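Chemist: Structure: my_file-v5.cif, mmCIF, C-alpha atoms.
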```cif
data_input
#
loop_
_atom_site.label_atom_id
_atom_site.label_comp_id
_atom_site.auth_asym_id
_atom_site.auth_seq_id
_atom_site.Cartn_x
_atom_site.Cartn_y
_atom_site.Cartn_z
CA MET A 1 -99.05 277.52 277.03
CA HIS A 2 -102.41 275.98 276.08
CA GLU A 3 -103.41 276.55 279.73
CA LEU A 4 -104.63 279.95 278.55
CA GLY A 5 -107.13 278.34 276.16
CA ILE A 6 -108.20 275.85 278.81
CA ALA A 7 -108.72 278.63 281.38
CA GLY A 8 -110.82 280.50 278.82
CA TYR A 9 -112.95 277.41 278.23
CA LEU A 10 -113.31 276.89 281.98
CA ILE A 11 -114.65 280.43 282.43
CA GLU A 12 -116.99 280.03 279.46
CA VAL A 13 -118.45 276.80 280.85
CA ALA A 14 -118.73 278.29 284.34
CA GLU A 15 -120.66 281.29 283.05
CA GLN A 16 -123.03 279.03 281.12
CA HIS A 17 -123.79 277.08 284.29
CA LEU A 18 -124.16 280.19 286.42
CA GLN A 19 -126.75 281.61 284.04
CA ARG A 20 -128.98 278.61 284.69
CA VAL A 21 -128.49 278.16 288.43
CA PRO A 22 -129.41 280.75 291.08
CA HIS A 23 -126.35 281.50 293.19
CA GLY A 24 -124.60 284.00 295.37
CA THR A 25 -120.92 284.93 295.16
CA VAL A 26 -118.80 282.31 293.42
CA ARG A 27 -116.11 281.11 295.84
CA ARG A 28 -114.29 278.28 294.10
CA LEU A 29 -114.09 276.43 290.82
CA VAL A 30 -113.01 272.84 291.39
CA VAL A 31 -111.00 271.12 288.67
CA ARG A 32 -109.41 267.68 288.65
CA ILE A 33 -106.05 267.36 286.91
CA GLY A 34 -104.27 264.04 286.49
CA GLU A 35 -100.56 263.63 287.07
CA MET A 36 -100.09 262.83 283.37
CA ALA A 37 -102.43 265.48 281.98
CA GLY A 38 -100.62 268.00 279.83
CA VAL A 39 -101.60 270.86 282.08
CA ASN A 40 -99.50 272.71 284.57
CA PRO A 41 -101.74 273.64 287.53
CA ASP A 42 -99.74 276.81 288.32
CA SER A 43 -100.00 278.03 284.72
CA LEU A 44 -103.69 277.23 284.70
CA ASP A 45 -104.16 279.15 287.93
CA PHE A 46 -102.28 282.16 286.55
CA ALA A 47 -104.22 282.08 283.28
CA PHE A 48 -107.49 281.80 285.20
CA GLU A 49 -106.59 284.76 287.39
CA CYS A 50 -105.83 286.92 284.33
CA LEU A 51 -108.82 285.89 282.24
CA SER A 52 -111.46 285.84 284.99
CA LYS A 53 -111.24 289.58 285.68
CA GLY A 54 -114.58 291.19 284.94
CA THR A 55 -116.34 287.85 284.33
CA GLY A 56 -118.98 286.13 286.47
CA VAL A 57 -116.24 284.19 288.29
CA ASP A 58 -113.99 287.16 289.06
CA GLY A 59 -112.52 286.69 292.53
CA ALA A 60 -113.20 282.95 292.64
CA ARG A 61 -110.38 280.59 293.61
CA LEU A 62 -109.34 277.78 291.32
CA GLU A 63 -109.01 274.60 293.35
CA VAL A 64 -107.01 271.87 291.68
CA GLU A 65 -107.44 268.25 292.80
CA ARG A 66 -104.44 266.24 291.60
CA VAL A 67 -104.99 262.63 290.61
CA PRO A 68 -102.03 260.24 290.77
CA LEU A 69 -101.14 258.06 287.82
CA SER A 70 -102.25 254.46 288.10
CA VAL A 71 -102.69 251.52 285.77
CA GLU A 72 -104.89 248.48 285.62
CA CYS A 73 -103.28 245.24 284.50
CA ASP A 74 -104.84 243.24 281.66
CA ALA A 75 -103.02 240.13 282.88
CA CYS A 76 -103.84 240.02 286.59
CA GLY A 77 -106.56 242.65 286.81
CA ARG A 78 -104.94 244.52 289.66
CA ARG A 79 -104.55 248.26 289.90
CA SER A 80 -101.19 249.77 290.82
CA PRO A 81 -99.55 253.18 290.99
CA VAL A 82 -97.04 254.26 288.32
CA ALA A 83 -93.69 255.55 289.52
CA ASP A 84 -91.37 257.52 287.23
CA TYR A 85 -93.63 256.89 284.25
CA VAL A 86 -92.64 253.24 284.03
CA PHE A 87 -95.75 251.49 282.77
CA ARG A 88 -95.59 248.03 284.31
CA CYS A 89 -97.95 246.23 286.64
CA ALA A 90 -96.46 246.60 290.13
CA ALA A 91 -98.12 243.34 291.16
CA CYS A 92 -97.17 240.92 288.35
CA GLY A 93 -94.74 242.89 286.19
CA ALA A 94 -96.82 242.63 283.00
CA GLU A 95 -96.50 245.36 280.37
CA THR A 96 -100.09 245.03 279.24
CA VAL A 97 -101.47 247.79 281.41
CA ARG A 98 -104.05 250.45 280.74
CA ILE A 99 -104.11 253.88 282.35
CA ALA A 100 -106.73 253.80 285.12
CA SER A 101 -106.21 257.32 286.44
CA GLY A 102 -103.89 260.27 285.98
CA ARG A 103 -105.08 261.58 282.60
CA GLU A 104 -108.00 263.58 284.08
CA MET A 105 -108.62 267.11 282.99
CA GLU A 106 -112.07 267.84 284.33
CA PHE A 107 -114.15 270.73 285.53
CA VAL A 108 -115.85 269.17 288.58
CA ALA A 109 -117.98 271.81 290.29
CA ILE A 110 -118.60 275.42 291.13
CA ASP A 111 -118.84 276.40 294.79
CA ALA A 112 -121.01 279.46 295.32
CA ASP A 113 -122.84 281.00 298.26
CA ASP A 114 -126.30 279.65 298.79
CA PRO A 115 -128.82 281.92 297.02
CA GLU A 116 -131.24 281.44 299.93
CA GLU A 117 -128.69 282.78 302.39
CA VAL A 118 -127.89 285.64 300.07
CA THR A 119 -131.52 286.74 300.02
CA GLY A 120 -131.70 286.36 303.81
CA ALA A 121 -134.19 283.47 303.79
CA PRO A 122 -134.26 281.35 306.97
CA ASP A 123 -132.71 277.84 306.98
CA MET B 1 -122.29 276.66 300.61
CA HIS B 2 -123.85 275.63 297.34
CA LEU B 3 -122.09 273.21 294.99
CA ILE B 4 -123.06 273.36 291.36
CA ASP B 5 -122.19 270.11 289.61
CA VAL B 6 -120.37 270.65 286.31
CA GLN B 7 -118.55 267.38 285.50
CA THR B 8 -117.20 268.18 282.09
CA GLY B 9 -113.86 267.53 280.45
CA LEU B 10 -111.72 270.61 279.94
CA LEU B 11 -110.95 269.36 276.46
CA ALA B 12 -114.55 268.28 275.81
CA ASP B 13 -114.83 270.90 273.09
CA ASN B 14 -111.74 269.62 271.25
CA ASP B 15 -112.63 265.99 271.78
CA ALA B 16 -116.10 266.47 270.30
CA VAL B 17 -114.70 268.05 267.11
CA ALA B 18 -111.97 265.39 266.94
CA ALA B 19 -114.66 262.69 267.10
CA GLU B 20 -116.47 264.43 264.25
CA ASN B 21 -113.26 264.58 262.20
CA ARG B 22 -112.59 260.90 262.90
CA GLU B 23 -116.08 259.90 261.83
CA MET B 24 -115.87 261.90 258.59
CA LEU B 25 -112.54 260.26 257.74
CA ALA B 26 -113.75 256.77 258.71
CA LYS B 27 -116.81 257.08 256.48
CA ARG B 28 -114.58 257.69 253.48
CA GLY B 29 -112.05 255.06 254.54
CA ILE B 30 -109.31 257.67 254.81
CA TYR B 31 -106.40 256.79 257.10
CA ALA B 32 -105.10 259.77 259.08
CA VAL B 33 -101.78 260.10 260.86
CA ASN B 34 -100.63 262.89 263.17
CA VAL B 35 -96.88 263.54 262.92
CA MET B 36 -95.38 265.26 265.97
CA SER B 37 -91.95 266.19 267.28
CA ALA B 38 -89.90 268.97 268.77
CA PRO B 39 -88.96 271.79 266.36
CA GLY B 40 -86.18 270.77 264.00
CA ALA B 41 -86.42 267.01 264.56
CA GLY B 42 -87.07 266.54 260.84
CA LYS B 43 -90.83 266.18 260.35
CA THR B 44 -90.90 267.98 257.01
CA SER B 45 -87.70 266.26 255.83
CA LEU B 46 -89.18 262.88 256.73
CA LEU B 47 -92.38 263.71 254.84
CA GLU B 48 -90.38 264.88 251.80
CA ARG B 49 -88.79 261.41 251.71
CA LEU B 50 -91.78 259.35 252.85
CA LEU B 51 -94.70 260.84 250.95
CA PRO B 52 -93.39 260.03 247.46
CA LEU B 53 -93.20 256.37 248.53
CA LEU B 54 -96.77 256.44 249.84
CA ALA B 55 -98.04 258.52 246.92
CA ALA B 56 -96.94 255.82 244.48
CA ARG B 57 -99.74 253.65 245.88
CA TRP B 58 -102.13 255.94 247.71
CA ARG B 59 -103.64 259.36 247.21
CA VAL B 60 -102.08 261.47 249.94
CA ALA B 61 -103.14 264.87 251.29
CA VAL B 62 -101.33 266.96 253.89
CA ILE B 63 -102.51 269.45 256.50
CA GLU B 64 -99.51 271.43 257.60
CA GLY B 65 -99.48 273.25 260.93
CA ASP B 66 -97.09 276.08 261.67
CA ILE B 67 -97.26 279.05 263.96
CA VAL B 68 -96.57 281.42 261.05
CA GLY B 69 -95.45 281.16 257.45
CA SER B 70 -95.82 278.62 254.68
CA ALA B 71 -92.23 277.42 254.17
CA ASP B 72 -93.01 273.78 255.02
CA ALA B 73 -96.20 273.70 252.94
CA GLU B 74 -94.23 275.05 249.98
CA ARG B 75 -91.64 272.30 250.42
CA LEU B 76 -94.31 269.60 250.46
CA ALA B 77 -96.35 271.14 247.64
CA LYS B 78 -93.32 270.48 245.40
CA LEU B 79 -94.18 266.78 245.74
CA GLY B 80 -97.35 267.47 243.75
CA LEU B 81 -99.68 266.65 246.64
CA PRO B 82 -102.55 268.75 247.96
CA VAL B 83 -101.26 270.64 251.00
CA GLU B 84 -103.29 272.90 253.23
CA GLN B 85 -101.33 275.28 255.42
CA ILE B 86 -102.75 276.17 258.80
CA ASN B 87 -101.21 279.02 260.74
CA THR B 88 -102.01 278.66 264.40
CA GLY B 89 -101.19 282.33 265.00
CA GLY B 90 -99.12 281.70 268.09
CA ALA B 91 -100.80 278.57 269.37
CA CYS B 92 -98.30 275.84 270.15
CA HIS B 93 -100.23 272.93 268.64
CA LEU B 94 -102.90 272.01 266.12
CA ASP B 95 -106.32 271.33 267.59
CA ALA B 96 -109.33 269.53 266.17
CA ARG B 97 -111.18 272.73 265.34
CA MET B 98 -108.24 274.23 263.42
CA VAL B 99 -108.02 271.21 261.15
CA HIS B 100 -111.77 270.66 260.83
CA HIS B 101 -112.17 272.71 257.67
CA GLY B 102 -109.14 271.01 256.11
CA VAL B 103 -110.51 267.58 256.99
CA HIS B 104 -113.80 268.58 255.39
CA GLU B 105 -111.98 269.48 252.16
CA VAL B 106 -110.01 266.24 252.22
CA VAL B 107 -113.05 263.99 252.69
CA HIS B 108 -114.70 265.66 249.70
CA GLY B 109 -111.62 265.03 247.58
CA PRO B 110 -110.08 261.83 246.26
CA SER B 111 -107.78 260.93 249.18
CA ASP B 112 -106.80 257.67 250.86
CA VAL B 113 -104.32 259.02 253.38
CA LEU B 114 -104.25 262.28 255.34
CA VAL B 115 -101.08 263.44 257.06
CA PHE B 116 -101.22 266.10 259.77
CA GLU B 117 -97.83 267.71 260.30
CA ASN B 118 -98.19 269.24 263.75
CA VAL B 119 -96.49 272.32 265.15
CA GLY B 120 -93.01 271.50 266.45
CA ASN B 121 -93.49 270.97 270.19
CA LEU B 122 -93.08 267.95 272.47
CA VAL B 123 -95.68 269.03 275.01
CA CYS B 124 -98.97 270.49 273.85
CA PRO B 125 -99.73 268.57 270.63
CA ALA B 126 -99.83 265.36 272.67
CA GLU B 127 -102.92 266.54 274.52
CA PHE B 128 -105.00 267.50 271.48
CA ASP B 129 -106.67 264.74 269.51
CA LEU B 130 -107.21 265.77 265.89
CA GLY B 131 -109.26 262.71 264.91
CA GLU B 132 -106.27 260.76 263.58
CA ASP B 133 -105.91 256.98 263.53
CA ASP B 134 -102.30 257.02 264.66
CA ALA B 135 -99.79 259.36 266.19
CA VAL B 136 -96.20 259.13 265.00
CA MET B 137 -93.44 261.01 266.74
CA LEU B 138 -89.92 261.83 265.73
CA LEU B 139 -87.01 262.13 268.09
CA SER B 140 -83.76 263.23 266.53
CA VAL B 141 -80.54 261.96 268.05
CA THR B 142 -79.27 265.48 268.63
CA GLU B 143 -82.09 266.05 271.12
CA GLY B 144 -80.74 263.49 273.58
CA HIS B 145 -81.88 260.06 274.73
CA ASP B 146 -83.52 261.28 277.93
CA LYS B 147 -86.55 262.79 276.19
CA PRO B 148 -89.02 259.92 276.81
CA LYS B 149 -88.50 260.45 280.54
CA LYS B 150 -89.03 264.19 280.23
CA TYR B 151 -91.99 264.26 277.84
CA PRO B 152 -93.79 261.00 278.68
CA LEU B 153 -97.21 261.89 277.32
CA MET B 154 -95.96 262.31 273.75
CA PHE B 155 -94.23 258.92 273.84
CA ARG B 156 -97.26 257.32 275.47
CA ARG B 157 -99.50 258.54 272.67
CA ALA B 158 -97.34 257.65 269.69
CA GLY B 159 -97.69 254.23 268.09
CA LEU B 160 -94.42 254.69 266.24
CA LEU B 161 -91.23 256.39 267.36
CA VAL B 162 -89.00 257.47 264.49
CA LEU B 163 -85.41 257.97 265.67
CA ASN B 164 -84.19 260.45 263.11
CA LYS B 165 -80.76 261.78 262.11
CA VAL B 166 -79.07 258.46 262.90
CA ASP B 167 -76.35 259.44 260.42
CA LEU B 168 -75.18 261.82 263.19
CA LEU B 169 -75.03 259.15 265.93
CA ALA B 170 -71.24 258.96 265.92
CA MET B 171 -71.07 262.68 266.61
CA THR B 172 -73.37 262.57 269.64
CA ASP B 173 -73.56 260.81 273.00
CA PHE B 174 -77.02 259.56 272.11
CA SER B 175 -77.63 255.94 273.09
CA VAL B 176 -80.26 254.22 270.98
CA GLU B 177 -80.58 251.51 273.65
CA VAL B 178 -81.23 254.03 276.43
CA ALA B 179 -83.72 255.99 274.30
CA VAL B 180 -85.65 252.89 273.24
CA ALA B 181 -85.70 251.47 276.78
CA ALA B 182 -86.96 254.81 278.12
CA ALA B 183 -89.63 255.02 275.41
CA ARG B 184 -90.74 251.46 276.21
CA ASP B 185 -90.94 252.23 279.94
CA VAL B 186 -93.50 254.87 279.07
CA HIS B 187 -95.11 252.89 276.27
CA PRO B 188 -94.19 249.19 276.19
CA GLY B 189 -95.83 248.60 272.80
CA ILE B 190 -94.23 251.50 270.93
CA GLU B 191 -92.53 250.54 267.67
CA VAL B 192 -89.22 252.12 266.77
CA ILE B 193 -87.65 252.78 263.38
CA LYS B 194 -84.26 254.44 262.90
CA THR B 195 -84.07 256.86 260.02
CA SER B 196 -81.85 259.35 258.31
CA CYS B 197 -83.47 261.78 255.93
CA ARG B 198 -80.02 262.52 254.49
CA THR B 199 -79.07 258.95 253.60
CA GLY B 200 -82.62 257.60 253.23
CA GLU B 201 -82.04 254.91 255.84
CA GLY B 202 -85.24 253.53 257.32
CA ILE B 203 -87.65 255.59 255.22
CA ALA B 204 -88.99 252.52 253.40
CA ASP B 205 -89.58 250.91 256.80
CA VAL B 206 -91.67 253.88 257.90
CA ALA B 207 -93.66 253.63 254.65
CA ALA B 208 -94.20 249.91 255.30
CA TRP B 209 -95.35 250.68 258.86
CA VAL B 210 -97.87 253.24 257.59
CA GLU B 211 -99.14 250.84 254.94
CA GLY B 212 -99.52 248.14 257.59
CA ARG B 213 -101.58 250.54 259.68
CA ILE B 214 -103.76 251.48 256.70
CA ALA B 215 -104.44 247.78 256.14
CA ALA B 216 -105.09 247.18 259.84
CA LYS B 217 -107.41 250.14 260.30
CA HIS B 218 -109.46 249.86 257.19
CA GLY B 219 -108.87 246.36 255.94
CA ARG B 220 -107.47 247.69 252.71
CA ALA B 221 -104.40 245.57 252.16
CA ALA B 222 -104.44 245.99 248.41
CA PRO B 223 -103.82 249.54 247.30
CA PRO B 224 -106.06 251.20 244.75
CA PRO B 225 -104.67 251.85 241.28
CA PRO B 226 -101.93 254.46 241.32
CA PRO B 227 -103.09 258.02 240.88
CA PRO B 228 -102.51 259.71 237.54
CA PRO B 229 -99.14 261.46 237.36
CA LYS B 230 -99.30 265.08 238.36
CA ALA B 231 -97.47 267.95 236.79
CA GLY B 232 -94.67 269.62 238.77
#
```
Could I get this structure in the form of structure tokens?
Modeler:
Amino acid sequence: MHELGIAGYLIEVAEQHLQRVPHGTVRRLVVRIGEMAGVNPDSLDFAFECLSKGTGVDGARLEVERVPLSVECDACGRRSPVADYVFRCAACGAETVRIASGREMEFVAIDADDPEEVTGAPD
Amino acid sequence: MHLIDVQTGLLADNDAVAAENREMLAKRGIYAVNVMSAPGAGKTSLLERLLPLLAARWRVAVIEGDIVGSADAERLAKLGLPVEQINTGGACHLDARMVHHGVHEVVHGPSDVLVFENVGNLVCPAEFDLGEDDAVMLLSVTEGHDKPKKYPLMFRRAGLLVLNKVDLLAMTDFSVEVAVAAARDVHPGIEVIKTSCRTGEGIADVAAWVEGRIAAKHGRAAPPPPPPPKAG
């Protein structure tokens, strides 16, 4: 249920950026969510839809890039995917692994219409 | 098309305040532990048993998180320790900003150890760093041994898993072996202590674990002189 707070923060950060950068209509907000991040993309999408009404990103689509869970092995240095949340190196079986990806919870970019195009300027 | 680069963490706000909390605590050499579990796993009962053991050697303060009410804070205040109640007003977890004021109070007081008792929830608290040194989680045997597979993040984050209510094991189908193996799939290094807050089993082991962590984090193996006895 903290997706609501995260969606609120997302909108706040987006509006701060949009104040500084000339832009046309905002089409998409791109976020990156790891497989093991404590965020449900559907809940985040729903919260975003509710909270964005009447803001500078009203009507924009939330695009979620999922990042699979992977670990890097301290023993052999190789990187391997994690299946079923079993944290072992798939290459050498060592338990001394660190999470390499899958914990992401990032606001990547805002996709808006080009302000030049909006004002009708030539290419 | 016009891409505006943002590149910021969605929890950047929380993480920044958590870092501030951690720095304030580190400066004063205060060890902080974040205690998390599902509702009813026995966090407050564990603290009622554990904190008197710790308070014999360390000055302990508690920040208590609940959605509403002060029942748990009242229980812990009976131990004669400073307890600050935080009501999250519906939020399902403590976050760094909610506890920031409490941390501020604690670092200006005479404390060695700060205990955060989080809101009962196996999901959200795991994602919100408070600025603690260690996360401890409780799993009670009545919840079932499959929980590490279902709530991996919480088990991944915790340094210590307390298996509570072991006095009820005979009445459940809970397998300690299955639970521990599942927890160690998610977090190979996790330590496990079996406890019962009714019989007192394992509580001294949890106290010893915490004291070991205090020593490890701050190089303070020898405790300070015991605090003066408090009324009540």
Chemist: Using all atoms listed in the file, which protein or nucleic acid residues come within 8 Å of Thr96 (chain A)? Drop anything in the same chain fewer than 3 positions from it, and give the result as a list of chain:residue names.
Modeler: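 Listed by chain and then number, they are A:Cys73, A:Asp74, A:Ala75, A:Arg88, A:Cys89, B:Pro188.
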Chemist: Which residues come within 9 Å of Leu51 (chain B), counting only C-alpha atoms, excluding same-chain residues fewer than 2 positions away, as an NGL selection string?
Modeler: :B and (46-49 or 53-56 or 60 or 76 or 79 or 81 or 207)
Chemist: So that I can check the surroundings of region 30-36 of chain B, please list as a list in words every protein, DNA and RNA residue that reaches within 7 Å of it, counting only C-alpha atoms and ignoring chain neighbours fewer than 4 positions away.
Modeler: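 The neighbour list is Leu25, Ala26, Ser111, Asp112, Val113, Leu114, Val115, Phe116, Glu117, Asn118, Gly120, Glu132, Asp133, Asp134, Ala135, Val136, Met137, Leu138 and Ile214 of chain B.
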Chemist: Could you turn the residues from that selection into a file that holds C-alpha atoms, as a PDB file, keeping the file's coordinate frame?
Modeler:
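Below you can see part24.pdb, which holds the result:
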```
ATOM      1  CA  LEU B  25    -112.540 260.260 257.740  1.00  0.00           C
ATOM      2  CA  ALA B  26    -113.750 256.770 258.710  1.00  0.00           C
ATOM      3  CA  SER B 111    -107.780 260.930 249.180  1.00  0.00           C
ATOM      4  CA  ASP B 112    -106.800 257.670 250.860  1.00  0.00           C
ATOM      5  CA  VAL B 113    -104.320 259.020 253.380  1.00  0.00           C
ATOM      6  CA  LEU B 114    -104.250 262.280 255.340  1.00  0.00           C
ATOM      7  CA  VAL B 115    -101.080 263.440 257.060  1.00  0.00           C
ATOM      8  CA  PHE B 116    -101.220 266.100 259.770  1.00  0.00           C
ATOM      9  CA  GLU B 117     -97.830 267.710 260.300  1.00  0.00           C
ATOM     10  CA  ASN B 118     -98.190 269.240 263.750  1.00  0.00           C
ATOM     11  CA  GLY B 120     -93.010 271.500 266.450  1.00  0.00           C
ATOM     12  CA  GLU B 132    -106.270 260.760 263.580  1.00  0.00           C
ATOM     13  CA  ASP B 133    -105.910 256.980 263.530  1.00  0.00           C
ATOM     14  CA  ASP B 134    -102.300 257.020 264.660  1.00  0.00           C
ATOM     15  CA  ALA B 135     -99.790 259.360 266.190  1.00  0.00           C
ATOM     16  CA  VAL B 136     -96.200 259.130 265.000  1.00  0.00           C
ATOM     17  CA  MET B 137     -93.440 261.010 266.740  1.00  0.00           C
ATOM     18  CA  LEU B 138     -89.920 261.830 265.730  1.00  0.00           C
ATOM     19  CA  ILE B 214    -103.760 251.480 256.700  1.00  0.00           C
TER      20      ILE B 214
END
```
Chemist: Quick one: residues within 7 Å of region 181-184 of chain B, all atoms listed in the file, excluding same-chain residues fewer than 6 positions away - as a PyMOL selection string?
Modeler: chain B and resi 148-149+155+190
Chemist: Using all atoms listed in the file, what does the table of region 29-130 of chain B residues within 9 Å of region 38-45 of chain A look like, with each row giving the shortest atom pair and its distance in Å to one decimal, sorted by chain and ascending number, as CSV?
Modeler:
```
residue,atom,partner,partner_atom,distance
B:Val123,CA,A:Gly38,CA,7.0
B:Cys124,CA,A:Gly38,CA,6.7
B:Ala126,CA,A:Gly38,CA,7.7
B:Glu127,CA,A:Gly38,CA,6.0
```
Chemist: Compare B:His104, B:Thr172, B:Lys147, B:Glu84 by their minimum atom-to-atom distance to Lys27 (chain B), counting all atoms listed in the file, and give me the closest one.
Modeler: B:His104
Chemist: Record the distance separating CA of Met24 (chain B) and CA of Pro152 (chain B), expressed in Å with one decimal.
Modeler: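 For CA of Met24 (chain B) relative to CA of Pro152 (chain B), the distance reads 29.9 Å.
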Chemist: Compute the chain A side of the contact with chain B at 6 Å, counting only C-alpha atoms, and hand it back as a PyMOL selection string.
Modeler: chain A and resi 38+85-87+105-114
Chemist: Could you check how far CA of Phe46 (chain A) sits from CA of Leu62 (chain A), in Å to one decimal?
Modeler: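 Separating CA of Phe46 (chain A) from CA of Leu62 (chain A) is a distance of 9.6 Å.
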Chemist: Spell out the residues picked by the PyMOL selection byres ((chain A and resi 101) around 10) here, as a PDB file with C-alpha atoms, in the frame of the given file.
Modeler:
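Wrote expr_6.pdb, looks like this:
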```pdb
ATOM      1  CA  GLY A  34    -104.270 264.040 286.490  1.00  0.00           C
ATOM      2  CA  GLU A  35    -100.560 263.630 287.070  1.00  0.00           C
ATOM      3  CA  MET A  36    -100.090 262.830 283.370  1.00  0.00           C
ATOM      4  CA  VAL A  67    -104.990 262.630 290.610  1.00  0.00           C
ATOM      5  CA  PRO A  68    -102.030 260.240 290.770  1.00  0.00           C
ATOM      6  CA  LEU A  69    -101.140 258.060 287.820  1.00  0.00           C
ATOM      7  CA  SER A  70    -102.250 254.460 288.100  1.00  0.00           C
ATOM      8  CA  VAL A  71    -102.690 251.520 285.770  1.00  0.00           C
ATOM      9  CA  GLU A  72    -104.890 248.480 285.620  1.00  0.00           C
ATOM     10  CA  ARG A  79    -104.550 248.260 289.900  1.00  0.00           C
ATOM     11  CA  PRO A  81     -99.550 253.180 290.990  1.00  0.00           C
ATOM     12  CA  VAL A  82     -97.040 254.260 288.320  1.00  0.00           C
ATOM     13  CA  ARG A  98    -104.050 250.450 280.740  1.00  0.00           C
ATOM     14  CA  ILE A  99    -104.110 253.880 282.350  1.00  0.00           C
ATOM     15  CA  ALA A 100    -106.730 253.800 285.120  1.00  0.00           C
ATOM     16  CA  GLY A 102    -103.890 260.270 285.980  1.00  0.00           C
ATOM     17  CA  ARG A 103    -105.080 261.580 282.600  1.00  0.00           C
ATOM     18  CA  GLU A 104    -108.000 263.580 284.080  1.00  0.00           C
TER      19      GLU A 104
END
```
Chemist: State, in Å with one decimal place, the distance from CA of Gly5 (chain A) to CA of Ala37 (chain A).
Modeler: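 Spanning CA of Gly5 (chain A) to CA of Ala37 (chain A) is a straight-line distance of 14.9 Å.
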Chemist: For the file shown, what are the residues hit by the PyMOL selection byres ((chain B and resi 103) around 10), laid out as a ChimeraX atom specification?
Modeler: /B:20-22,24-25,32,61-63,84,96-102,104-109,114,116,130-131
Chemist: For the residues in that selection, give me C-alpha atoms as a short mmCIF file (atom, residue, chain, number, x, y, z; two decimals), in the frame of the given file.
Modeler:
```
data_model
loop_
_atom_site.label_atom_id
_atom_site.label_comp_id
_atom_site.auth_asym_id
_atom_site.auth_seq_id
_atom_site.Cartn_x
_atom_site.Cartn_y
_atom_site.Cartn_z
CA GLU B 20 -116.47 264.43 264.25
CA ASN B 21 -113.26 264.58 262.20
CA ARG B 22 -112.59 260.90 262.90
CA MET B 24 -115.87 261.90 258.59
CA LEU B 25 -112.54 260.26 257.74
CA ALA B 32 -105.10 259.77 259.08
CA ALA B 61 -103.14 264.87 251.29
CA VAL B 62 -101.33 266.96 253.89
CA ILE B 63 -102.51 269.45 256.50
CA GLU B 84 -103.29 272.90 253.23
CA ALA B 96 -109.33 269.53 266.17
CA ARG B 97 -111.18 272.73 265.34
CA MET B 98 -108.24 274.23 263.42
CA VAL B 99 -108.02 271.21 261.15
CA HIS B 100 -111.77 270.66 260.83
CA HIS B 101 -112.17 272.71 257.67
CA GLY B 102 -109.14 271.01 256.11
CA HIS B 104 -113.80 268.58 255.39
CA GLU B 105 -111.98 269.48 252.16
CA VAL B 106 -110.01 266.24 252.22
CA VAL B 107 -113.05 263.99 252.69
CA HIS B 108 -114.70 265.66 249.70
CA GLY B 109 -111.62 265.03 247.58
CA LEU B 114 -104.25 262.28 255.34
CA PHE B 116 -101.22 266.10 259.77
CA LEU B 130 -107.21 265.77 265.89
CA GLY B 131 -109.26 262.71 264.91
#
```
Chemist: Using all atoms listed in the file, can you tell me which of A:Leu18, A:Ile33, A:Cys76, A:Val26 comes closest to Ile6 (chain A)?
Modeler: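 Going through A:Leu18, A:Ile33, A:Cys76, A:Val26 one by one, the smallest distance to Ile6 (chain A) is for A:Ile33.
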Chemist: Give me the residues near Glu15 (chain A) as a PyMOL selection string, where near means some atom within 12 Å (using only C-alpha atoms) and where sequence neighbours in that chain fewer than 3 positions away do not count.
Modeler: (chain A and resi 8-12+18-23+26+29+52+54-58+110) or (chain B and resi 4+6)
Chemist: So, counting all atoms listed in the file, which residue among B:Arg59, B:His145, B:Arg157, B:Lys165 is closest to Lys43 (chain B)?
Modeler: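 Residue with the minimum atom-to-atom distance to Lys43 (chain B): B:Lys165.
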Chemist: Apply the PyMOL selection byres ((chain B and resi 72) around 10) to the displayed file and report the matching residues as a ChimeraX atom specification.
Modeler: /B:43-45,48,64-66,69-71,73-77,83,85,117
Chemist: Considering only C-alpha atoms, can you say which of B:Ala41, B:Val119, B:Val180, B:Ile193 comes closest to Val162 (chain B)?
Modeler: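 Looking at the shortest contact to Val162 (chain B), the residue is B:Ile193.
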